[in-house]
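In what follows, a single structure is set out as structure tokens and then discussed.
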Amino acid sequence: MPCRELAILSLIAVGLTANLASSVSAQSTDTGAAFFEKSIRPVLVKHCYECHSAAAASKGKLKAGLALDTKQGMLTGGESGPAVVPGDVKKSLLIAALKHEMPPSGRLPAEVIEHFTKWVDMGAPDPRADAAPTPRREAFRITGEDRNHWAYQPVRNVPPPKVTNVEWVRQDLDRFVLARLERTGSEPSAPADKHALLRRATYALTGLPPTPDEIARFVSDKSPDAYEKVVDRLLGSPEFGVQWGRRWLDGVRYADSVDKSGEYRSWVIRAFNDDLPFDRFVKMQIAGDLMLADRSDPRRIHASGASLDGITATGMMTLAVWEQVGRDLAVAEIVDSQIDLVGRHLLGLTLACARCHDHKFDPISTEDYYAMAGVFFSSHIATGKLIADARLGNELIDIPLLTASDDAANRKIDAEIATIEARGAAIAKKVPQAARLMAVQEQIKDLEGQIARATATTKKSLTDQAAKLKTEQKSLTDDRLAKKWDDNPPELKEIVAFQQQIAALRKIKITAPLAAGIAEGGVPGSNREKIGDAPVYLRGEYQREGAIVPRRFPTILAGERQTPLGQRTKQSGRLELAEWIASAENPLTARVMVNRIWHQLVGRGLVRSLDNFGRLGDRPTHPELLDHLAHRFVASKWSVKKMVREIMLSATYQQASFVAPEAAKADPDNQYIGHMNRRRLTYEELRDSLMMAGGKLVLGPPTAKDTAERRTIYEPLDRRKTNVTAAIFDGPDSKAIVPSRAETTTAPQALFLLNSPLVADMAKRLADRLAGDTSLKTDEQRLERLWLTALGRPPVAEESETALRYIAQHSWAGFIQALLSTNEFTYID
């Protein structure tokens with residue numbers, strides 16, 4: 001075989017492309033800084049700065065020459081060497097010290113040491129300056145510089161700028177992009193070809209590749225609105241909600257080990273498909289249980305008066321993360337997790353960094369934090385028992401999703417059952433021993449059936465229960481033999497008849513799925529069990545309570561004069577909080593969401609730090625465009641689909657991903673958006689595409705006892721377990737707020753594609769499908785169908801010739817697996 005052909009096949013087999021290099025999302029830097037501020041800095045301040053800081057040195061108390069109050073001091077270390085070696089726990093002396101003798105006051109909890117270990121493994125991200133830090137302010141106050149920060153300004157209705165190349169413009173947003181390019185002497189890229197554009201759009205909106213039939217229809221459609229029709233078709237697809245719902249779930253730490261019924265996930269998918277206005281989407285997830293239902297549809301009204309969807313939507317608040325600790329500390333951890341979620345995911349602010357002290361960079365005080373904490377302390381997602389590990393989803397309250405009419409019907413049945421049970425109990429009193437013996441025998445029979453089906457973890461408990469009942473059965477039998485009482489009196493027939501009536505009534509009771517949700521009132525039995533304002537926890541320690549802070553919004557956003565939350569309604573304040581967050585007057589919510597939409601479509605946000613619009617976050621590359629989109633978003637009644645459509649129909653979105661060398665040199669990070677960003681398929685997109693290529697993917701939600709291969713969003717996501725394949729391809733992390741997925745290129749990814757039974761099976765299935773398709777008469781036709789299925793385009797002549805020669809000597813399945821391992825399959829142009 002010629003060397004050129006060997007080279008081509010080698011490239012296909014290992015899945016490499018010359019112009020693709022390993023890259024990691026900037027998100028990791030932002031996440032690291034937030035982790036440092038939340039889990040590392042407070043411990044250093046409390047336990048280390050007294051002996052290892054500039055302040056200690058000024059008093060002549062610096063020990064071992066080690067300063068831990070600056071980034072450089074940490075890296076330089078003291079007399080024994082560097083305190084921290086980023087990425088190397090074993091060489092980091094600080095970790096060894098924490099495990100043994102530090103601090104002098106006593107060994108720190110294992111959880112704290114785990115946080116430091118994780119931090120070093122992350123590369124020891126440290127946002128502190130190299131010089132000893134100057135406190136942001138002696139006493140908290142909001143400065144003029146704070147108030148002038150771009151993110152806190154009202155959203156402006158910015159008119160589109162004038163541009164020279166008006167022919168390029170398709171949407172007003174294009175003018176903002178083009179004006180920036182023209183100012184720098186740059187030009188936008190040429191439009192993407194129809195095959196690349198269709199593949200890009202189809203993945204963006206559905207997470208699936210276009211089918212050969214869809215490709216043929218689009219390529220042959222010469223009408224000027226051909227692409228517009230494609231976008232509208234994809235926006236109307238039920239798979240839109242699956243794709244965009246999955247991205248939302250990334251940001252809320254979704255795990256179906258918490259959302260056990262899957263109701264919250266289904267609601268999110270349905271909300272995106274229905275284009276539920278985003279302001280209502282937000283309000284329902286914070287306080288849907290407090291919002292009155294639409295009375296026009298009684299089928300959707302819960303027994304409480306709220307809507308079924310409203311109760312289900314609050315599942316977002318149950319996805320908190322906490323450790324296996326005592327109840328009062330667990331309550332504090334739950335609330336901190338909720339504040340972190342609301343702050344970062346909805347407002348783009350790291351509010352949780354103010355838990356132990358005033359925020360070091362943003363104008364958020366500790367009082368601001370506990371003012372919001374009071375709202376969440378006044379609500380609960382967990383029962384009053386000792387709260388277990390959140391990874392198990394234990395101790396969460398379960399809310400049956402019963403309509404008012406269904407609940408009334410069930411109550412009527414319960415009343416009938418209670419009446420019959422009372423009659424049965426009265427008869428049982430006449431023959432107590434015989435009635436009890438019959439009941440014990442029935443319980444033993446039921447338990448034996450459960451034991452036969454039980455897992456190893458539950459079998460022992462069931463066996464112990466059965467043993468106790470068998471002991472009681474023997475005692476009753478011995479008593480019957482001794483006292484000669486009748487074990488089958490006529491009264492038992494009446495009791496059995498009553499039991500049969502009860503069983504029949506229970507069968508007709510209406511059952512409903514259970515939703516994990518939030519409810520008013522603090523966690524029963526905790527130190528915050530009542531609705532009311534909360535005290536500041538000094539240094540974040542729940543045992544040390546300071547002044548009580550009225551429930552309110554952060555001062556920098558809502559001003560000094562605020563009516564305390566819950567004062568008028570006598571409720572937690574969640575509904576007022578939700579309405580304020582989702583208000584058009586709030587300068588952050590619309591900006592954060594349109595920035596996220598832009599990121600999901602274009603590949604990078606106008607603000608790169610998607611969950612941090614504060615000082616540590618990035619400034620917008622196109623601030624006027626961000627405000628233009630945010631204003632239009634609100635004006636469209638917060639329609640996500642309209643915003644998605646507007647961006648996708650723009651010339652900006654339709655650019656090719658190719659970038660000329662001189663342009664890449666001038667703008668290496670593509671901040672000016674002079675070309676489309678190439679991206680790798682997410683884990684879900686990759687798995688779904690493989691299953692679709694093999695003809696095994698079944699669309700739609702799973703049903704009871706479903707064995708079909710459904711979309712990956714329905715794959716179990718358990719906080720106790722790691723999905724290795726998902727981890728290899730930077731899949732979802734159910735324990736962390738993930739504003740954007742990391743995008744790495746690693747050897748295990750290539751090895752998976754080359755060796756995985758999944759890929760091999762799908763390749764064989766696709767080969768069988770091609771061979772069995774009677775409409776394909778020749779190998780050339782089969783090859784073209786293969787290319788369209790896998791890559792979304794037909795092959796060029798050289799590719800066809802090389803492929804056919806390889807297949808002639810080897811197999812279709814082997815070649816298809818190689819093709820499914822290429823970067824052209826796993827990346828989107």
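Numbering starts fresh at 1 for the residues of each chain in the structure tokens, the chains themselves are lettered A, B, ... in the order given, and ligands are numbered from 1 as they appear.
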Exercise: Met648 of chain A partners within 10 Å, only C-alpha atoms, chain neighbours under 3 positions left out, as a CSV table (one decimal) with all heavy atoms, in the first residue's frame:
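Below you can see out-v7.csv, which holds the result:
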```csv
chain,number,residue,atom,x,y,z
A,171,GLN,N,-28.3,40.2,11.3
A,171,GLN,CA,-29.1,40.6,12.5
A,171,GLN,C,-28.4,41.8,13.1
A,171,GLN,O,-27.2,42.1,12.8
A,171,GLN,CB,-29.1,39.4,13.5
A,171,GLN,CG,-29.7,38.1,13.0
A,171,GLN,CD,-31.2,38.2,13.0
A,171,GLN,OE1,-31.8,38.9,13.8
A,171,GLN,NE2,-31.8,37.4,12.2
A,201,ALA,N,-25.7,23.4,13.6
A,201,ALA,CA,-27.0,23.8,14.1
A,201,ALA,C,-27.7,22.6,14.7
A,201,ALA,O,-28.4,22.8,15.7
A,201,ALA,CB,-27.8,24.4,12.9
A,204,ALA,N,-26.2,21.9,18.0
A,204,ALA,CA,-26.5,23.0,19.0
A,204,ALA,C,-27.9,22.9,19.5
A,204,ALA,O,-28.1,23.2,20.7
A,204,ALA,CB,-26.2,24.3,18.3
A,205,LEU,N,-28.8,22.5,18.7
A,205,LEU,CA,-30.2,22.6,19.2
A,205,LEU,C,-30.8,21.3,19.7
A,205,LEU,O,-31.7,21.2,20.5
A,205,LEU,CB,-31.1,23.1,18.1
A,205,LEU,CG,-30.8,24.6,17.6
A,205,LEU,CD1,-31.9,25.0,16.6
A,205,LEU,CD2,-30.8,25.5,18.8
A,227,TYR,N,-32.0,27.8,5.5
A,227,TYR,CA,-31.4,27.6,6.8
A,227,TYR,C,-32.4,28.1,7.9
A,227,TYR,O,-32.5,27.4,8.9
A,227,TYR,CB,-30.1,28.5,6.9
A,227,TYR,CG,-29.5,28.5,8.3
A,227,TYR,CD1,-29.0,27.3,8.9
A,227,TYR,CD2,-29.4,29.7,9.0
A,227,TYR,CE1,-28.5,27.3,10.1
A,227,TYR,CE2,-28.8,29.7,10.2
A,227,TYR,CZ,-28.4,28.5,10.8
A,227,TYR,OH,-27.8,28.5,12.0
A,228,GLU,N,-33.1,29.1,7.7
A,228,GLU,CA,-34.1,29.6,8.7
A,228,GLU,C,-35.2,28.5,8.9
A,228,GLU,O,-35.6,28.3,10.1
A,228,GLU,CB,-34.8,30.8,8.1
A,228,GLU,CG,-35.8,31.5,9.1
A,228,GLU,CD,-36.3,32.8,8.6
A,228,GLU,OE1,-35.9,33.3,7.6
A,228,GLU,OE2,-37.3,33.3,9.3
A,231,VAL,N,-33.6,25.9,11.3
A,231,VAL,CA,-33.6,26.4,12.7
A,231,VAL,C,-34.9,26.3,13.3
A,231,VAL,O,-35.1,25.8,14.4
A,231,VAL,CB,-33.0,27.8,12.7
A,231,VAL,CG1,-33.2,28.4,14.1
A,231,VAL,CG2,-31.6,27.9,12.3
A,598,TRP,N,-25.3,32.6,24.6
A,598,TRP,CA,-24.2,32.9,23.6
A,598,TRP,C,-23.1,31.8,23.8
A,598,TRP,O,-22.6,31.3,22.7
A,598,TRP,CB,-23.7,34.3,23.9
A,598,TRP,CG,-22.7,34.7,22.9
A,598,TRP,CD1,-21.3,34.5,22.9
A,598,TRP,CD2,-22.9,35.5,21.7
A,598,TRP,NE1,-20.7,35.1,21.8
A,598,TRP,CE2,-21.7,35.7,21.0
A,598,TRP,CE3,-24.1,36.0,21.1
A,598,TRP,CZ2,-21.6,36.4,19.8
A,598,TRP,CZ3,-23.9,36.7,19.9
A,598,TRP,CH2,-22.7,36.9,19.3
A,601,LEU,N,-24.0,28.5,22.2
A,601,LEU,CA,-24.0,28.5,20.7
A,601,LEU,C,-22.7,28.9,20.0
A,601,LEU,O,-22.3,28.2,19.0
A,601,LEU,CB,-25.1,29.5,20.2
A,601,LEU,CG,-26.6,29.2,20.6
A,601,LEU,CD1,-27.5,30.3,20.3
A,601,LEU,CD2,-27.0,27.9,19.9
A,602,VAL,N,-22.0,29.8,20.6
A,602,VAL,CA,-20.8,30.3,19.9
A,602,VAL,C,-19.6,29.7,20.4
A,602,VAL,O,-18.5,29.6,19.8
A,602,VAL,CB,-20.7,31.9,20.1
A,602,VAL,CG1,-19.5,32.4,19.4
A,602,VAL,CG2,-22.0,32.5,19.5
A,642,LYS,N,-36.5,32.4,21.2
A,642,LYS,CA,-36.4,33.6,20.4
A,642,LYS,C,-34.9,34.1,20.4
A,642,LYS,O,-34.4,34.5,19.4
A,642,LYS,CB,-37.3,34.7,20.8
A,642,LYS,CG,-38.8,34.5,20.4
A,642,LYS,CD,-39.7,35.6,20.8
A,642,LYS,CE,-41.1,35.3,20.4
A,642,LYS,NZ,-42.0,36.4,20.8
A,643,MET,N,-34.3,34.1,21.6
A,643,MET,CA,-32.9,34.5,21.7
A,643,MET,C,-32.0,33.6,20.9
A,643,MET,O,-31.1,34.0,20.2
A,643,MET,CB,-32.5,34.6,23.2
A,643,MET,CG,-31.1,35.1,23.4
A,643,MET,SD,-30.6,36.6,22.5
A,643,MET,CE,-31.9,37.8,23.2
A,644,VAL,N,-32.2,32.3,21.1
A,644,VAL,CA,-31.4,31.3,20.4
A,644,VAL,C,-31.6,31.5,18.9
A,644,VAL,O,-30.6,31.4,18.1
A,644,VAL,CB,-31.9,29.8,20.8
A,644,VAL,CG1,-31.3,28.8,19.9
A,644,VAL,CG2,-31.5,29.5,22.2
A,645,ARG,N,-32.8,31.7,18.4
A,645,ARG,CA,-33.1,31.8,17.0
A,645,ARG,C,-32.4,33.1,16.4
A,645,ARG,O,-31.8,33.0,15.4
A,645,ARG,CB,-34.6,32.0,16.8
A,645,ARG,CG,-35.0,32.0,15.3
A,645,ARG,CD,-36.5,32.1,15.2
A,645,ARG,NE,-37.0,31.8,13.9
A,645,ARG,CZ,-37.1,32.8,13.0
A,645,ARG,NH1,-36.8,34.1,13.3
A,645,ARG,NH2,-37.6,32.5,11.7
A,651,ALA,N,-25.1,36.4,11.0
A,651,ALA,CA,-23.9,36.1,10.2
A,651,ALA,C,-22.8,35.7,11.1
A,651,ALA,O,-21.9,34.9,10.7
A,651,ALA,CB,-23.5,37.3,9.4
A,652,THR,N,-22.8,36.2,12.3
A,652,THR,CA,-21.7,35.8,13.2
A,652,THR,C,-21.7,34.3,13.5
A,652,THR,O,-20.7,33.7,13.4
A,652,THR,CB,-21.9,36.6,14.6
A,652,THR,OG1,-21.9,38.0,14.3
A,652,THR,CG2,-20.9,36.2,15.6
A,653,TYR,N,-22.9,33.8,13.7
A,653,TYR,CA,-23.0,32.3,14.0
A,653,TYR,C,-22.7,31.5,12.8
A,653,TYR,O,-22.2,30.4,12.9
A,653,TYR,CB,-24.4,32.0,14.5
A,653,TYR,CG,-24.6,30.5,14.9
A,653,TYR,CD1,-24.1,30.0,16.1
A,653,TYR,CD2,-25.1,29.6,14.0
A,653,TYR,CE1,-24.3,28.7,16.4
A,653,TYR,CE2,-25.3,28.3,14.3
A,653,TYR,CZ,-24.8,27.8,15.5
A,653,TYR,OH,-25.0,26.5,15.8
A,654,GLN,N,-23.0,32.0,11.6
A,654,GLN,CA,-22.9,31.2,10.4
A,654,GLN,C,-21.5,31.3,9.8
A,654,GLN,O,-21.2,30.8,8.7
A,654,GLN,CB,-23.9,31.7,9.4
A,654,GLN,CG,-25.3,31.4,9.8
A,654,GLN,CD,-26.4,31.9,8.8
A,654,GLN,OE1,-26.4,31.5,7.7
A,654,GLN,NE2,-27.3,32.7,9.3
```
Query raised in the report: Using the chain letters and numbers from this document, which residues of segment 325-420 of chain A does DSSP assign to alpha helix (DSSP H), as number ranges by chain?
Result: A: 327-341, 366-377, 404-420
Store the residues picked out above, limited to N, CA and C atoms, as a short mmCIF file (atom, residue, chain, number, x, y, z; two decimals), in the first residue's frame.
```
data_model
loop_
_atom_site.label_atom_id
_atom_site.label_comp_id
_atom_site.auth_asym_id
_atom_site.auth_seq_id
_atom_site.Cartn_x
_atom_site.Cartn_y
_atom_site.Cartn_z
N ARG A 327 -26.74 17.76 62.66
CA ARG A 327 -27.89 18.41 62.03
C ARG A 327 -27.70 19.91 61.84
N ASP A 328 -27.31 20.65 62.88
CA ASP A 328 -27.22 22.10 62.76
C ASP A 328 -26.15 22.53 61.76
N LEU A 329 -25.03 21.81 61.75
CA LEU A 329 -24.00 22.11 60.76
C LEU A 329 -24.48 21.74 59.36
N ALA A 330 -25.19 20.62 59.26
CA ALA A 330 -25.72 20.22 57.95
C ALA A 330 -26.69 21.27 57.42
N VAL A 331 -27.52 21.83 58.28
CA VAL A 331 -28.46 22.88 57.84
C VAL A 331 -27.68 24.08 57.31
N ALA A 332 -26.61 24.47 57.99
CA ALA A 332 -25.78 25.58 57.53
C ALA A 332 -25.14 25.26 56.18
N GLU A 333 -24.70 24.00 56.00
CA GLU A 333 -24.08 23.60 54.74
C GLU A 333 -25.11 23.60 53.60
N ILE A 334 -26.33 23.14 53.89
CA ILE A 334 -27.38 23.13 52.88
C ILE A 334 -27.66 24.56 52.40
N VAL A 335 -27.82 25.46 53.35
CA VAL A 335 -28.13 26.86 53.02
C VAL A 335 -26.98 27.48 52.24
N ASP A 336 -25.75 27.21 52.64
CA ASP A 336 -24.60 27.74 51.91
C ASP A 336 -24.59 27.22 50.47
N SER A 337 -24.92 25.93 50.31
CA SER A 337 -24.97 25.34 48.98
C SER A 337 -26.06 25.99 48.13
N GLN A 338 -27.20 26.32 48.74
CA GLN A 338 -28.29 26.97 48.02
C GLN A 338 -27.93 28.40 47.62
N ILE A 339 -27.28 29.13 48.53
CA ILE A 339 -26.86 30.49 48.22
C ILE A 339 -25.83 30.48 47.10
N ASP A 340 -24.90 29.54 47.16
CA ASP A 340 -23.88 29.42 46.12
C ASP A 340 -24.53 29.18 44.76
N LEU A 341 -25.53 28.32 44.73
CA LEU A 341 -26.24 28.01 43.48
C LEU A 341 -26.98 29.23 42.95
N THR A 366 -20.78 40.15 54.85
CA THR A 366 -21.26 38.99 55.59
C THR A 366 -22.73 39.17 55.96
N GLU A 367 -23.12 40.42 56.25
CA GLU A 367 -24.53 40.69 56.55
C GLU A 367 -25.41 40.41 55.33
N ASP A 368 -24.91 40.74 54.13
CA ASP A 368 -25.65 40.42 52.90
C ASP A 368 -25.87 38.91 52.81
N TYR A 369 -24.82 38.15 53.12
CA TYR A 369 -24.92 36.70 53.03
C TYR A 369 -25.98 36.17 53.99
N TYR A 370 -25.93 36.59 55.25
CA TYR A 370 -26.87 36.04 56.24
C TYR A 370 -28.27 36.64 56.09
N ALA A 371 -28.38 37.78 55.42
CA ALA A 371 -29.71 38.30 55.09
C ALA A 371 -30.41 37.36 54.12
N MET A 372 -29.64 36.83 53.14
CA MET A 372 -30.21 35.84 52.22
C MET A 372 -30.31 34.48 52.89
N ALA A 373 -29.36 34.17 53.74
CA ALA A 373 -29.40 32.87 54.43
C ALA A 373 -30.67 32.74 55.25
N GLY A 374 -31.15 33.84 55.82
CA GLY A 374 -32.37 33.80 56.61
C GLY A 374 -33.56 33.29 55.80
N VAL A 375 -33.58 33.62 54.51
CA VAL A 375 -34.65 33.15 53.62
C VAL A 375 -34.61 31.63 53.53
N PHE A 376 -33.42 31.08 53.34
CA PHE A 376 -33.30 29.63 53.14
C PHE A 376 -33.31 28.86 54.47
N PHE A 377 -32.85 29.50 55.55
CA PHE A 377 -33.01 28.88 56.87
C PHE A 377 -34.50 28.74 57.20
N ALA A 404 -55.61 18.28 43.43
CA ALA A 404 -56.58 18.49 44.50
C ALA A 404 -57.71 17.47 44.42
N SER A 405 -58.19 17.21 43.21
CA SER A 405 -59.31 16.26 43.06
C SER A 405 -58.86 14.83 43.39
N ASP A 406 -57.65 14.47 42.96
CA ASP A 406 -57.13 13.14 43.29
C ASP A 406 -56.92 12.98 44.79
N ASP A 407 -56.42 14.03 45.41
CA ASP A 407 -56.20 13.98 46.85
C ASP A 407 -57.53 13.81 47.59
N ALA A 408 -58.56 14.51 47.12
CA ALA A 408 -59.88 14.38 47.75
C ALA A 408 -60.42 12.96 47.59
N ALA A 409 -60.23 12.38 46.40
CA ALA A 409 -60.69 11.01 46.16
C ALA A 409 -59.95 10.03 47.07
N ASN A 410 -58.65 10.23 47.22
CA ASN A 410 -57.87 9.35 48.10
C ASN A 410 -58.29 9.49 49.56
N ARG A 411 -58.59 10.70 49.97
CA ARG A 411 -59.03 10.92 51.35
C ARG A 411 -60.36 10.18 51.62
N LYS A 412 -61.22 10.20 50.62
CA LYS A 412 -62.50 9.50 50.76
C LYS A 412 -62.26 8.00 50.91
N ILE A 413 -61.34 7.46 50.10
CA ILE A 413 -61.02 6.03 50.20
C ILE A 413 -60.39 5.72 51.55
N ASP A 414 -59.50 6.60 52.02
CA ASP A 414 -58.86 6.39 53.32
C ASP A 414 -59.91 6.34 54.44
N ALA A 415 -60.93 7.19 54.31
CA ALA A 415 -61.99 7.20 55.33
C ALA A 415 -62.75 5.87 55.32
N GLU A 416 -63.02 5.34 54.12
CA GLU A 416 -63.71 4.05 54.01
C GLU A 416 -62.85 2.95 54.62
N ILE A 417 -61.55 2.99 54.33
CA ILE A 417 -60.64 1.98 54.87
C ILE A 417 -60.61 2.05 56.39
N ALA A 418 -60.57 3.25 56.93
CA ALA A 418 -60.53 3.41 58.39
C ALA A 418 -61.78 2.82 59.03
N THR A 419 -62.94 3.03 58.40
CA THR A 419 -64.19 2.48 58.93
C THR A 419 -64.16 0.95 58.95
N ILE A 420 -63.70 0.36 57.85
CA ILE A 420 -63.64 -1.11 57.76
C ILE A 420 -62.62 -1.66 58.75
#
```
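Using only C-alpha atoms, the residues found no farther than 9 Å from segment 435-443 of chain A, other than those of its own chain fewer than 4 positions away, are Ala428, Lys429, Lys430, Val431, Leu447, Glu448, Ala466, Leu469, Lys470, Glu472, Gln473, Leu476, Thr477, Asp487, Asn488, Glu491, Leu492 and Ile495 of chain A.
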For those residues, write all heavy atoms to a file as a compact mmCIF listing (two decimals), in the first residue's frame.
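As written to disk, out39.txt reads:
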```txt
# COMPACT_ATOMS: atom_id res chain seq x y z
N ALA A 428 -61.91 -8.68 65.94
CA ALA A 428 -60.68 -9.34 66.37
C ALA A 428 -60.59 -9.41 67.88
O ALA A 428 -59.97 -10.34 68.44
CB ALA A 428 -59.47 -8.61 65.79
N LYS A 429 -61.19 -8.45 68.58
CA LYS A 429 -61.15 -8.46 70.05
C LYS A 429 -61.89 -9.66 70.63
O LYS A 429 -61.62 -10.09 71.76
CB LYS A 429 -61.75 -7.17 70.59
CG LYS A 429 -60.86 -5.94 70.40
CD LYS A 429 -61.52 -4.69 70.98
CE LYS A 429 -60.62 -3.47 70.80
NZ LYS A 429 -61.27 -2.25 71.34
N LYS A 430 -62.83 -10.21 69.86
CA LYS A 430 -63.58 -11.38 70.34
C LYS A 430 -62.72 -12.64 70.31
O LYS A 430 -62.93 -13.57 71.10
CB LYS A 430 -64.83 -11.59 69.48
CG LYS A 430 -65.82 -10.43 69.53
CD LYS A 430 -67.00 -10.69 68.60
CE LYS A 430 -67.99 -9.53 68.59
NZ LYS A 430 -69.11 -9.76 67.65
N VAL A 431 -61.77 -12.70 69.34
CA VAL A 431 -60.90 -13.88 69.21
C VAL A 431 -59.45 -13.39 69.08
O VAL A 431 -58.79 -13.55 68.04
CB VAL A 431 -61.30 -14.75 67.99
CG1 VAL A 431 -62.56 -15.53 68.27
CG2 VAL A 431 -61.48 -13.88 66.75
N LEU A 447 -42.87 -11.43 54.33
CA LEU A 447 -41.44 -11.19 54.51
C LEU A 447 -40.59 -12.20 53.75
O LEU A 447 -39.54 -11.86 53.19
CB LEU A 447 -41.08 -11.24 56.00
CG LEU A 447 -41.37 -9.96 56.81
CD1 LEU A 447 -41.19 -10.23 58.29
CD2 LEU A 447 -40.44 -8.83 56.36
N GLU A 448 -41.04 -13.46 53.72
CA GLU A 448 -40.28 -14.49 52.99
C GLU A 448 -40.22 -14.15 51.50
O GLU A 448 -39.21 -14.39 50.84
CB GLU A 448 -40.90 -15.86 53.23
CG GLU A 448 -40.62 -16.40 54.64
CD GLU A 448 -41.33 -17.70 54.93
OE1 GLU A 448 -42.29 -18.03 54.19
OE2 GLU A 448 -40.95 -18.39 55.90
N ALA A 466 -38.32 -11.54 60.30
CA ALA A 466 -39.03 -12.82 60.14
C ALA A 466 -38.77 -13.75 61.32
O ALA A 466 -39.68 -14.46 61.79
CB ALA A 466 -38.60 -13.48 58.83
N LEU A 469 -40.94 -12.80 64.26
CA LEU A 469 -42.33 -13.21 64.04
C LEU A 469 -42.51 -14.73 64.19
O LEU A 469 -43.53 -15.20 64.72
CB LEU A 469 -42.79 -12.75 62.66
CG LEU A 469 -43.03 -11.24 62.50
CD1 LEU A 469 -43.23 -10.88 61.04
CD2 LEU A 469 -44.25 -10.80 63.32
N LYS A 470 -41.52 -15.48 63.74
CA LYS A 470 -41.60 -16.94 63.89
C LYS A 470 -41.56 -17.35 65.35
O LYS A 470 -42.21 -18.33 65.77
CB LYS A 470 -40.47 -17.60 63.10
CG LYS A 470 -40.70 -17.57 61.58
CD LYS A 470 -39.53 -18.17 60.82
CE LYS A 470 -39.78 -18.12 59.31
NZ LYS A 470 -38.65 -18.67 58.54
N GLU A 472 -42.78 -15.51 67.77
CA GLU A 472 -44.13 -15.20 68.26
C GLU A 472 -45.14 -16.25 67.77
O GLU A 472 -46.03 -16.66 68.52
CB GLU A 472 -44.56 -13.81 67.78
CG GLU A 472 -45.91 -13.38 68.35
CD GLU A 472 -46.36 -12.01 67.89
OE1 GLU A 472 -45.59 -11.34 67.15
OE2 GLU A 472 -47.48 -11.60 68.25
N GLN A 473 -44.97 -16.71 66.54
CA GLN A 473 -45.86 -17.74 66.00
C GLN A 473 -45.77 -19.02 66.84
O GLN A 473 -46.79 -19.64 67.18
CB GLN A 473 -45.49 -18.03 64.55
CG GLN A 473 -46.37 -19.09 63.89
CD GLN A 473 -45.86 -19.47 62.50
OE1 GLN A 473 -44.66 -19.47 62.25
NE2 GLN A 473 -46.77 -19.79 61.60
N LEU A 476 -47.56 -18.52 70.17
CA LEU A 476 -49.01 -18.58 70.03
C LEU A 476 -49.48 -20.03 69.80
O LEU A 476 -50.51 -20.46 70.35
CB LEU A 476 -49.47 -17.69 68.87
CG LEU A 476 -49.43 -16.18 69.13
CD1 LEU A 476 -49.57 -15.40 67.83
CD2 LEU A 476 -50.53 -15.78 70.11
N THR A 477 -48.72 -20.76 69.00
CA THR A 477 -49.09 -22.16 68.73
C THR A 477 -49.01 -22.99 70.00
O THR A 477 -49.89 -23.83 70.30
CB THR A 477 -48.15 -22.75 67.65
OG1 THR A 477 -48.26 -21.96 66.47
CG2 THR A 477 -48.53 -24.18 67.32
N ASP A 487 -58.19 -22.13 66.62
CA ASP A 487 -57.38 -21.26 65.75
C ASP A 487 -58.08 -20.92 64.44
O ASP A 487 -57.53 -20.25 63.59
CB ASP A 487 -56.02 -21.91 65.46
CG ASP A 487 -56.15 -23.20 64.66
OD1 ASP A 487 -57.30 -23.71 64.56
OD2 ASP A 487 -55.13 -23.70 64.16
N ASN A 488 -59.31 -21.38 64.28
CA ASN A 488 -60.05 -21.05 63.05
C ASN A 488 -61.53 -20.79 63.37
O ASN A 488 -62.42 -21.43 62.83
CB ASN A 488 -59.91 -22.18 62.03
CG ASN A 488 -60.47 -21.78 60.67
OD1 ASN A 488 -60.52 -20.60 60.33
ND2 ASN A 488 -60.93 -22.75 59.90
N GLU A 491 -65.26 -16.06 63.22
CA GLU A 491 -64.98 -14.61 63.14
C GLU A 491 -63.83 -14.30 62.17
O GLU A 491 -63.78 -13.21 61.58
CB GLU A 491 -64.63 -14.06 64.52
CG GLU A 491 -65.78 -13.97 65.49
CD GLU A 491 -66.03 -15.26 66.23
OE1 GLU A 491 -65.38 -16.29 65.89
OE2 GLU A 491 -66.86 -15.25 67.15
N LEU A 492 -62.93 -15.29 62.00
CA LEU A 492 -61.79 -15.03 61.09
C LEU A 492 -62.26 -14.82 59.66
O LEU A 492 -61.65 -14.07 58.89
CB LEU A 492 -60.80 -16.19 61.15
CG LEU A 492 -59.97 -16.34 62.43
CD1 LEU A 492 -58.88 -17.39 62.23
CD2 LEU A 492 -59.33 -15.01 62.84
N ILE A 495 -63.10 -11.27 59.31
CA ILE A 495 -61.87 -10.45 59.26
C ILE A 495 -61.22 -10.55 57.88
O ILE A 495 -60.78 -9.54 57.30
CB ILE A 495 -60.88 -10.89 60.36
CG1 ILE A 495 -61.48 -10.61 61.75
CG2 ILE A 495 -59.53 -10.20 60.20
CD1 ILE A 495 -60.66 -11.15 62.91
```
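Among the candidates A:Arg561, A:Lys38, A:Arg679, A:Arg453, the one nearest to Gly540 of chain A when counting only C-alpha atoms is A:Lys38.
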Query raised in the report: What lies within 10 Å of Tyr714 of chain A using only C-alpha atoms, ignoring chain neighbours under 2 positions off, as a PyMOL selection string?
Result: chain A and resi 242+246+256+262+265-266+684+700-702+709-712+716-717
